[in-house]
Each structure stands twice: as C-alpha cells, then as structure tokens.
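Scroll down for the structure; my scribbles are underneath it.
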Amino acid sequence: MTSPPAWTNADLHCHSCVSDGTLEPEALAARARANGVELWALTDHDEIGGQRRARDAAHALGLPYLAGTEISVSFAGLTVHIVGLGFDMDNEALRCGLETTRGGRTERAREMAAGLAQVGVHGTFEGALKYAGNPELIARTHFARYLVETGVCANTNDVFRKYLVEGKPGFVPHRWAQLGEAVRWITQAGGMAVIAHPGRYKFTANEEYALFTEFKTHGGLGVEVVTGSHTSADFLKYADMAIEFDLLASRGSDFHSPDESRIDLGTLPALPARLSPVWEALRERVSLPQ
Ligand code: AMP
Ligand code: MN
Ligand code: MN
Ligand code: MN
C-alpha cells in the first residue's frame with residue numbers, strides 16, 4: 001500500500017449546529033471540500049454527537065477525517081479550551097466526561113438570562129434556546145445571536161464587549177472540567193490533546209507557563225499555532241512556544257458561521273515549516289475515504 005500524501009491544508013477546528021455553529025455537519029464537510037481542505041476535523045464544544053455525520057459526509061466527498069471535540073476546562077480562574085483529535089468515537093469514558101461537562105449548561109443559561117433581565121434585557125433564555133441546534137448545549141454564542149436579532153447589539157463582537165463576559169451583565173462563572181481530566185479522556189480514548197487558541201486567554205506569562213507545563217505533565221502533546229483566533233504576531237509567539245515546550249503544532253479556522261466568522265474553513269496560512277504538525281503523528285488515526 002502506498003502511504004497517503006502529505007497534507008498541507010488541514011483544518012482541525014470548527015463548529016456545527018451540534019454545538020454553537022450554524023451549519024449542519026454535512027454542509028461543513030462540503031464547505032471544507034470546496035475550500036480545498038485536505039484533512040478535516042469537526043470539533044464541537046463538549047460534544048461528539050455530530051462525529052459520525054461529519055466523517056461520513058467527509059468520506060462521501062473523498063475527504064480524510066479525524067475525530068474531534070473541544071472541551072471546556074477551568075484553569076487558574078479562567079476558561080481554557082482543549083481540542084481532542086483522533087480519538088475513538090465510541091469510547092465510553094470520553095462520552096461520559098463530555099456529558100458531565102455539558103451538564104451544567106442549561107442551569108448556567110437560566111442564570112445568564114436572569115442577569116440580563118436585571119438590566120432590562122428580557123426573554124433571553126427562550127431566545128437563546130431557539131438558536132441552539134442541540135438543547136443540551138446552550139452556549140453564550142446562542143445568547144449573542146438572540147441579542148443581535150433583537151437589536152440589543154449590532155453584532156456578536158459587540159455582545160462579547162458589553163455582555164456575557166466577566167464584569168458585564170449576563171456573565172455567570174462556571175466550573176468546567178479539570179485540565180487533567182480533559183487530557184485524560186482524550187488520551188485514553190486513543191486521541192491527542194491540543195491546547196486551543198492559547199493567544200485568546202487573558203493569562204499572565206506565569207499562568208500561561210503553568211498551563212503549558214501542567215498540560216504536558218498530564219500527557220498533552222499539541223498546541224494550536226495557526227488558528228482563526230490568533231493574530232500573525234500570535235502565530236510567531238506560539239510557534240516559538242511549541243518548540244520551547246516540544247509540542248506538535250495544529251491549524252484550524254475555528255469556523256462557526258458564514259455570517260459571523262472572520263476566517264473561512266481552509267483559508268488560513270500554512271503552519272510554519274519549522275514546526276511538526278499534529279497530523280503527522282496522528283496518521284494512523286485518520287479515517288480515509290474508501
Ligand atoms: P460558552 O462555551 O457558552 O462559554 O461559549 C463560548 C463561545 O462563545 C466560544 O466558543 C465562541 O464561539 C463564543 N465567543 C466567546 N468570546 C467571543 C468573542 N469575543 N467574540 C465572538 N464569539 C465569542
Ligand atoms: Mn464556539
Ligand atoms: Mn474555543
Ligand atoms: Mn472553537
């Protein structure tokens with residue numbers, strides 16, 4: 001058997017309506033294919049319910065697929081996202097872990113709505129729920145869409161400046177999974193844990209160093225370097241950190257919606273050549289079309 005070609009245009013981070021994206025997994029697969037993506041992963045927040053649909057749709061289009069998810073973690077008082085890639089979709093411990101992580105979302109959403117009502121913005125629980133393709137997974141994104149629809153804010157960026165973030169109405173602190181748990185669920189299911197968009201967290205240099213160090217201690221192996229959430233300065237900074245911490249590098253658009261996302265699937269710059277891509281180490285976990 002000949003080995004598959006080297007992939008350059010890998011897009012290993014995006015969301016469907018199974019979490020807080022607006023497109024069905026099949027529509028995302030088609031968009032990835034049309035944009036020239038050569039290896040794709042759907043990484044819904046705290047949920048793998050869309051994985052089979054994504055894989056089957058990818059295969060029908062001749063597109064190699066890696067299982068994916070993005071787990072919400074609490075670390076040093078902030079929320080961190082850990083992407084899991086190439087795991088076994090049937091792994092029971094991972095399924096249970098994700099279910100537990102999703103568990104508090106509805107109660108949290110009710111508290112968010114109560115906070116918004118206190119500043120005169122009413123009906124947001126029902127409003128957000130209307131946008132949630134998966135009722136188990138109400139995210140701040142769904143509130144943001146409702147606040148834009150009702151004219152409270154001009155766009156979703158505006159929402160995340162005025163509401164739903166620490167110190168602003170509608171913010172509810174939440175306990176997500178622990179870093180070690182998330183890394184273990186992914187790794188024990190045969191996958192690789194990757195720190196998502198590190199440039200987005202408001203950590204001090206010391207806290208960020210602690211995140212990378214602890215992540216490695218727990219068995220984490222990768223970090224997103226080229227992502228839709230990073231500036232080009234971040235690409236350089238996290239390329240250096242990947243080398244300093246001996247981590248494999250990942251690339252993903254974090255695409256959510258044609259109307260909201262700045263970066264489309266498959267359109268980011270390539271990973272810097274000095275880095276080792278996560279997908280080289282995950283070759284055996286890639287499912288190839290028949
Ligand atoms: P949650 O998991 O409910 O806390 O929602 C987090 C989601 O909100 C992220 O995955 C993004 O999709 C979205 N989000 C967070 N911050 C922003 C922002 N500044 N601009 C746009 N979307 C954001
Ligand atoms: Mn999201
Ligand atoms: Mn994220
Ligand atoms: Mn994401």
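Ordering of the structure tokens sets the chain letters (A, B, ...), residue numbers begin anew at 1 in every chain, and ligands are numbered from 1 in the order given.
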Notebook entry, point to check: Quick one: residues within 8 Å of A:Ala193, only C-alpha atoms counted, chain neighbours fewer than 5 positions away excluded, as a PyMOL selection string?
Noted result: chain A and resi 82-85+183+186-187+219-222
Item checked: Nearby residues, ligand 2, 7 Å, only C-alpha atoms and all ligand atoms, as a list in words -> His15, Asp20, Gly21, His45, Thr141 and His256 of chain A
Just all heavy atoms for this one: save the residues we selected as a PDB file, in the first residue's frame.
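Saved result, selection-v2.pdb, follows:
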ATOM      1  N   HIS A  15     -17.023  24.328  14.161  1.00  0.00           N
ATOM      2  CA  HIS A  15     -18.235  24.010  14.925  1.00  0.00           C
ATOM      3  C   HIS A  15     -19.461  23.877  14.037  1.00  0.00           C
ATOM      4  O   HIS A  15     -19.672  24.692  13.130  1.00  0.00           O
ATOM      5  CB  HIS A  15     -18.485  25.091  15.980  1.00  0.00           C
ATOM      6  CG  HIS A  15     -17.347  25.190  16.945  1.00  0.00           C
ATOM      7  ND1 HIS A  15     -17.282  24.425  18.079  1.00  0.00           N
ATOM      8  CD2 HIS A  15     -16.210  25.909  16.899  1.00  0.00           C
ATOM      9  CE1 HIS A  15     -16.141  24.682  18.711  1.00  0.00           C
ATOM     10  NE2 HIS A  15     -15.480  25.584  18.020  1.00  0.00           N
ATOM     11  N   ASP A  20     -22.188  25.259  18.768  1.00  0.00           N
ATOM     12  CA  ASP A  20     -22.613  26.639  18.541  1.00  0.00           C
ATOM     13  C   ASP A  20     -22.301  27.171  17.152  1.00  0.00           C
ATOM     14  O   ASP A  20     -22.260  28.380  16.941  1.00  0.00           O
ATOM     15  CB  ASP A  20     -22.051  27.567  19.625  1.00  0.00           C
ATOM     16  CG  ASP A  20     -20.533  27.633  19.616  1.00  0.00           C
ATOM     17  OD1 ASP A  20     -19.899  26.783  18.948  1.00  0.00           O
ATOM     18  OD2 ASP A  20     -19.982  28.539  20.268  1.00  0.00           O
ATOM     19  N   GLY A  21     -22.110  26.259  16.193  1.00  0.00           N
ATOM     20  CA  GLY A  21     -22.032  26.697  14.796  1.00  0.00           C
ATOM     21  C   GLY A  21     -23.437  26.807  14.222  1.00  0.00           C
ATOM     22  O   GLY A  21     -24.410  26.393  14.861  1.00  0.00           O
ATOM     23  N   HIS A  45     -18.075  21.894  20.721  1.00  0.00           N
ATOM     24  CA  HIS A  45     -17.825  22.093  22.154  1.00  0.00           C
ATOM     25  C   HIS A  45     -18.460  20.961  22.973  1.00  0.00           C
ATOM     26  O   HIS A  45     -19.674  20.745  22.894  1.00  0.00           O
ATOM     27  CB  HIS A  45     -18.476  23.397  22.641  1.00  0.00           C
ATOM     28  CG  HIS A  45     -17.903  24.642  22.041  1.00  0.00           C
ATOM     29  ND1 HIS A  45     -16.700  25.179  22.423  1.00  0.00           N
ATOM     30  CD2 HIS A  45     -18.393  25.480  21.091  1.00  0.00           C
ATOM     31  CE1 HIS A  45     -16.474  26.289  21.735  1.00  0.00           C
ATOM     32  NE2 HIS A  45     -17.481  26.487  20.923  1.00  0.00           N
ATOM     33  N   THR A 141     -22.736  31.901  22.615  1.00  0.00           N
ATOM     34  CA  THR A 141     -22.938  32.241  21.202  1.00  0.00           C
ATOM     35  C   THR A 141     -24.425  32.348  20.864  1.00  0.00           C
ATOM     36  O   THR A 141     -24.836  33.202  20.084  1.00  0.00           O
ATOM     37  CB  THR A 141     -22.305  31.152  20.317  1.00  0.00           C
ATOM     38  OG1 THR A 141     -21.167  30.631  20.999  1.00  0.00           O
ATOM     39  CG2 THR A 141     -21.908  31.690  18.975  1.00  0.00           C
ATOM     40  N   HIS A 256     -17.407  29.130  12.680  1.00  0.00           N
ATOM     41  CA  HIS A 256     -18.713  28.901  13.313  1.00  0.00           C
ATOM     42  C   HIS A 256     -19.878  29.139  12.353  1.00  0.00           C
ATOM     43  O   HIS A 256     -20.899  28.478  12.456  1.00  0.00           O
ATOM     44  CB  HIS A 256     -18.933  29.823  14.521  1.00  0.00           C
ATOM     45  CG  HIS A 256     -18.223  29.412  15.778  1.00  0.00           C
ATOM     46  ND1 HIS A 256     -16.856  29.472  15.927  1.00  0.00           N
ATOM     47  CD2 HIS A 256     -18.702  28.941  16.961  1.00  0.00           C
ATOM     48  CE1 HIS A 256     -16.534  29.056  17.142  1.00  0.00           C
ATOM     49  NE2 HIS A 256     -17.629  28.726  17.798  1.00  0.00           N
TER      50      HIS A 256
END
Notebook entry, point to check: Nearest to ligand 4 among A:Val172, A:Leu23, A:Ala196, A:Leu94, with distances taken over only C-alpha atoms and all ligand atoms: which residue is it?
Noted result: A:Ala196
Next item on the list: For A:Asp259, please output as JSON, numbers by chain all residues within 12 Å (counting only C-alpha atoms; exclusion window: fewer than 2 positions along the same chain).
Entry: {"A": [21, 22, 23, 145, 155, 156, 255, 256, 257, 261, 262, 263, 264]}
Could you turn the residues from that selection into a file that holds C-alpha atoms, as a PDB file, in the first residue's frame?
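Generated output (result_30.pdb):
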ATOM      1  CA  GLY A  21     -22.032  26.697  14.796  1.00  0.00           C
ATOM      2  CA  THR A  22     -24.882  27.447  12.400  1.00  0.00           C
ATOM      3  CA  LEU A  23     -24.252  24.793   9.701  1.00  0.00           C
ATOM      4  CA  ARG A 145     -27.298  35.649  18.206  1.00  0.00           C
ATOM      5  CA  ASN A 155     -23.167  42.210  16.029  1.00  0.00           C
ATOM      6  CA  THR A 156     -21.787  39.308  18.084  1.00  0.00           C
ATOM      7  CA  PHE A 255     -15.201  28.489  11.816  1.00  0.00           C
ATOM      8  CA  HIS A 256     -18.713  28.901  13.313  1.00  0.00           C
ATOM      9  CA  SER A 257     -20.891  30.558  10.685  1.00  0.00           C
ATOM     10  CA  SER A 261     -16.640  34.019  11.224  1.00  0.00           C
ATOM     11  CA  ARG A 262     -13.762  36.175  10.047  1.00  0.00           C
ATOM     12  CA  ILE A 263     -11.819  33.168   8.746  1.00  0.00           C
ATOM     13  CA  ASP A 264     -13.435  30.572   6.484  1.00  0.00           C
TER      14      ASP A 264
END
Next item on the list: Extract the full set of helix (DSSP H, G or I) residues from stretch 16-168 of chain A according to DSSP on the backbone, and format it as a PyMOL selection string.
Entry: chain A and resi 25-34+51-60+92-103+105-118+124-131+140-149+156-162
Checklist line | Within-10 Å residues of ligand 1, basis only C-alpha atoms and all ligand atoms, as a PyMOL selection string | finding: chain A and resi 14-15+19-21+44-46+70-73+79-81+102+105+108-109+137-145+155-161+164-165+171-174+176+200+229+254-257+260-262
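Distance check against A:Trp7 using only C-alpha atoms: of A:Ala54, A:Leu116, A:Ala29, A:Leu63, the minimum falls on A:Leu63.
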Just list as a PDB file with N, CA and C atoms, in the first residue's frame whatever in stretch 61-268 of chain A DSSP marks as strand (DSSP E or B).
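Output saved as part-v2.pdb:
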ATOM      1  N   TYR A  65     -10.677  12.247   7.331  1.00  0.00           N
ATOM      2  CA  TYR A  65     -11.313  12.816   8.522  1.00  0.00           C
ATOM      3  C   TYR A  65     -10.612  12.374   9.800  1.00  0.00           C
ATOM      4  N   GLY A  68     -13.006  14.726  16.305  1.00  0.00           N
ATOM      5  CA  GLY A  68     -12.624  15.931  17.029  1.00  0.00           C
ATOM      6  C   GLY A  68     -13.649  16.381  18.057  1.00  0.00           C
ATOM      7  N   THR A  69     -13.175  17.139  19.043  1.00  0.00           N
ATOM      8  CA  THR A  69     -14.046  17.819  20.012  1.00  0.00           C
ATOM      9  C   THR A  69     -13.239  18.962  20.632  1.00  0.00           C
ATOM     10  N   GLU A  70     -13.924  19.868  21.339  1.00  0.00           N
ATOM     11  CA  GLU A  70     -13.250  20.970  22.041  1.00  0.00           C
ATOM     12  C   GLU A  70     -13.833  21.022  23.445  1.00  0.00           C
ATOM     13  N   ILE A  71     -13.024  20.664  24.436  1.00  0.00           N
ATOM     14  CA  ILE A  71     -13.524  20.524  25.804  1.00  0.00           C
ATOM     15  C   ILE A  71     -13.281  21.808  26.607  1.00  0.00           C
ATOM     16  N   SER A  72     -14.337  22.255  27.324  1.00  0.00           N
ATOM     17  CA  SER A  72     -14.231  23.438  28.180  1.00  0.00           C
ATOM     18  C   SER A  72     -13.607  23.029  29.516  1.00  0.00           C
ATOM     19  N   VAL A  73     -12.561  23.772  29.913  1.00  0.00           N
ATOM     20  CA  VAL A  73     -11.783  23.443  31.109  1.00  0.00           C
ATOM     21  C   VAL A  73     -11.648  24.715  31.949  1.00  0.00           C
ATOM     22  N   SER A  74     -11.677  24.570  33.274  1.00  0.00           N
ATOM     23  CA  SER A  74     -11.371  25.709  34.142  1.00  0.00           C
ATOM     24  C   SER A  74      -9.928  25.608  34.592  1.00  0.00           C
ATOM     25  N   PHE A  75      -9.162  26.690  34.410  1.00  0.00           N
ATOM     26  CA  PHE A  75      -7.754  26.687  34.804  1.00  0.00           C
ATOM     27  C   PHE A  75      -7.384  28.079  35.293  1.00  0.00           C
ATOM     28  N   LEU A  78      -9.844  30.910  34.858  1.00  0.00           N
ATOM     29  CA  LEU A  78     -10.358  31.249  33.520  1.00  0.00           C
ATOM     30  C   LEU A  78     -10.791  29.983  32.792  1.00  0.00           C
ATOM     31  N   THR A  79     -11.508  30.173  31.676  1.00  0.00           N
ATOM     32  CA  THR A  79     -11.896  29.037  30.844  1.00  0.00           C
ATOM     33  C   THR A  79     -10.866  28.833  29.746  1.00  0.00           C
ATOM     34  N   VAL A  80     -10.406  27.592  29.642  1.00  0.00           N
ATOM     35  CA  VAL A  80      -9.431  27.208  28.614  1.00  0.00           C
ATOM     36  C   VAL A  80     -10.097  26.131  27.767  1.00  0.00           C
ATOM     37  N   HIS A  81      -9.787  26.088  26.483  1.00  0.00           N
ATOM     38  CA  HIS A  81     -10.346  25.042  25.621  1.00  0.00           C
ATOM     39  C   HIS A  81      -9.255  24.055  25.212  1.00  0.00           C
ATOM     40  N   ILE A  82      -9.584  22.769  25.344  1.00  0.00           N
ATOM     41  CA  ILE A  82      -8.656  21.717  24.937  1.00  0.00           C
ATOM     42  C   ILE A  82      -9.295  20.947  23.785  1.00  0.00           C
ATOM     43  N   VAL A  83      -8.633  20.963  22.647  1.00  0.00           N
ATOM     44  CA  VAL A  83      -9.128  20.211  21.485  1.00  0.00           C
ATOM     45  C   VAL A  83      -8.636  18.775  21.586  1.00  0.00           C
ATOM     46  N   GLY A  84      -9.524  17.833  21.281  1.00  0.00           N
ATOM     47  CA  GLY A  84      -9.152  16.416  21.205  1.00  0.00           C
ATOM     48  C   GLY A  84      -9.257  15.973  19.766  1.00  0.00           C
ATOM     49  N   LEU A  85      -8.258  15.240  19.280  1.00  0.00           N
ATOM     50  CA  LEU A  85      -8.232  14.806  17.873  1.00  0.00           C
ATOM     51  C   LEU A  85      -7.910  13.320  17.773  1.00  0.00           C
ATOM     52  N   ALA A 177     -14.614  21.233  33.224  1.00  0.00           N
ATOM     53  CA  ALA A 177     -13.763  20.075  33.556  1.00  0.00           C
ATOM     54  C   ALA A 177     -12.403  20.562  34.068  1.00  0.00           C
ATOM     55  N   MET A 192      -5.317  12.677  20.704  1.00  0.00           N
ATOM     56  CA  MET A 192      -4.282  13.618  21.116  1.00  0.00           C
ATOM     57  C   MET A 192      -4.926  14.896  21.644  1.00  0.00           C
ATOM     58  N   ALA A 193      -4.448  15.373  22.810  1.00  0.00           N
ATOM     59  CA  ALA A 193      -4.952  16.624  23.380  1.00  0.00           C
ATOM     60  C   ALA A 193      -4.092  17.787  22.879  1.00  0.00           C
ATOM     61  N   VAL A 194      -4.788  18.888  22.541  1.00  0.00           N
ATOM     62  CA  VAL A 194      -4.143  20.053  21.931  1.00  0.00           C
ATOM     63  C   VAL A 194      -4.686  21.304  22.635  1.00  0.00           C
ATOM     64  N   ILE A 195      -3.816  22.203  23.067  1.00  0.00           N
ATOM     65  CA  ILE A 195      -4.285  23.474  23.658  1.00  0.00           C
ATOM     66  C   ILE A 195      -4.877  24.328  22.532  1.00  0.00           C
ATOM     67  N   GLY A 222      -0.068  18.661  21.968  1.00  0.00           N
ATOM     68  CA  GLY A 222      -0.123  19.631  20.875  1.00  0.00           C
ATOM     69  C   GLY A 222      -0.624  21.007  21.286  1.00  0.00           C
ATOM     70  N   VAL A 223      -0.392  21.985  20.410  1.00  0.00           N
ATOM     71  CA  VAL A 223      -0.890  23.346  20.630  1.00  0.00           C
ATOM     72  C   VAL A 223      -1.301  23.932  19.278  1.00  0.00           C
ATOM     73  N   GLU A 224      -2.416  24.681  19.283  1.00  0.00           N
ATOM     74  CA  GLU A 224      -2.812  25.372  18.059  1.00  0.00           C
ATOM     75  C   GLU A 224      -1.914  26.595  17.875  1.00  0.00           C
ATOM     76  N   VAL A 225      -1.301  26.680  16.720  1.00  0.00           N
ATOM     77  CA  VAL A 225      -0.431  27.816  16.401  1.00  0.00           C
ATOM     78  C   VAL A 225      -1.132  28.727  15.400  1.00  0.00           C
ATOM     79  N   VAL A 226      -1.598  28.127  14.297  1.00  0.00           N
ATOM     80  CA  VAL A 226      -2.288  28.902  13.265  1.00  0.00           C
ATOM     81  C   VAL A 226      -3.786  28.644  13.417  1.00  0.00           C
ATOM     82  N   THR A 227      -4.471  29.616  14.010  1.00  0.00           N
ATOM     83  CA  THR A 227      -5.917  29.497  14.218  1.00  0.00           C
ATOM     84  C   THR A 227      -6.582  30.832  13.889  1.00  0.00           C
ATOM     85  N   LEU A 248       3.637  19.403  19.390  1.00  0.00           N
ATOM     86  CA  LEU A 248       3.258  19.355  17.986  1.00  0.00           C
ATOM     87  C   LEU A 248       2.330  20.534  17.712  1.00  0.00           C
ATOM     88  N   ALA A 249       2.268  20.961  16.455  1.00  0.00           N
ATOM     89  CA  ALA A 249       1.501  22.181  16.134  1.00  0.00           C
ATOM     90  C   ALA A 249       0.248  21.849  15.341  1.00  0.00           C
ATOM     91  N   SER A 250      -0.851  22.553  15.657  1.00  0.00           N
ATOM     92  CA  SER A 250      -2.098  22.342  14.933  1.00  0.00           C
ATOM     93  C   SER A 250      -2.550  23.627  14.239  1.00  0.00           C
ATOM     94  N   ARG A 251      -3.514  23.422  13.327  1.00  0.00           N
ATOM     95  CA  ARG A 251      -4.022  24.513  12.496  1.00  0.00           C
ATOM     96  C   ARG A 251      -5.520  24.324  12.329  1.00  0.00           C
ATOM     97  N   GLY A 252      -6.297  25.376  12.594  1.00  0.00           N
ATOM     98  CA  GLY A 252      -7.746  25.253  12.442  1.00  0.00           C
ATOM     99  C   GLY A 252      -8.413  26.613  12.450  1.00  0.00           C
ATOM    100  N   PHE A 255     -14.040  27.982  12.565  1.00  0.00           N
ATOM    101  CA  PHE A 255     -15.201  28.489  11.816  1.00  0.00           C
ATOM    102  C   PHE A 255     -16.500  28.116  12.549  1.00  0.00           C
TER     103      PHE A 255
END
Item checked: Among listed residues A:Ala67, A:Ala34, A:Ala60, A:Val18, nearest A:Thr267 (using only C-alpha atoms) ->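 For A:Thr267, the nearest of the candidates is A:Ala34.
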Check: What is the atom CA of A:Leu28-atom CA of A:Cys96 distance in Å, reported with one decimal?
Finding: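 Separation of atom CA of A:Leu28 and atom CA of A:Cys96: 26.0 Å.
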Next item on the list: Find the residue from A:Val121, A:Met89, A:Val37, A:Leu275 that sits nearest to A:Ala239; use only C-alpha atoms when measuring.
Entry: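 Looking at the shortest contact to A:Ala239, the residue is A:Leu275.
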Note to self: Counting only C-alpha atoms and all ligand atoms, which residue out of A:Arg110, A:Arg55, A:His13, A:Arg274 sits closest to ligand 3?
What the structure shows: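 Counting only C-alpha atoms and all ligand atoms, the residue closest to ligand 3 is A:His13.
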Item checked: Between atom CA of A:Glu38 and atom CA of A:Ser287, distance in Å (one decimal) ->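 Spanning atom CA of A:Glu38 to atom CA of A:Ser287 is a straight-line distance of 12.3 Å.
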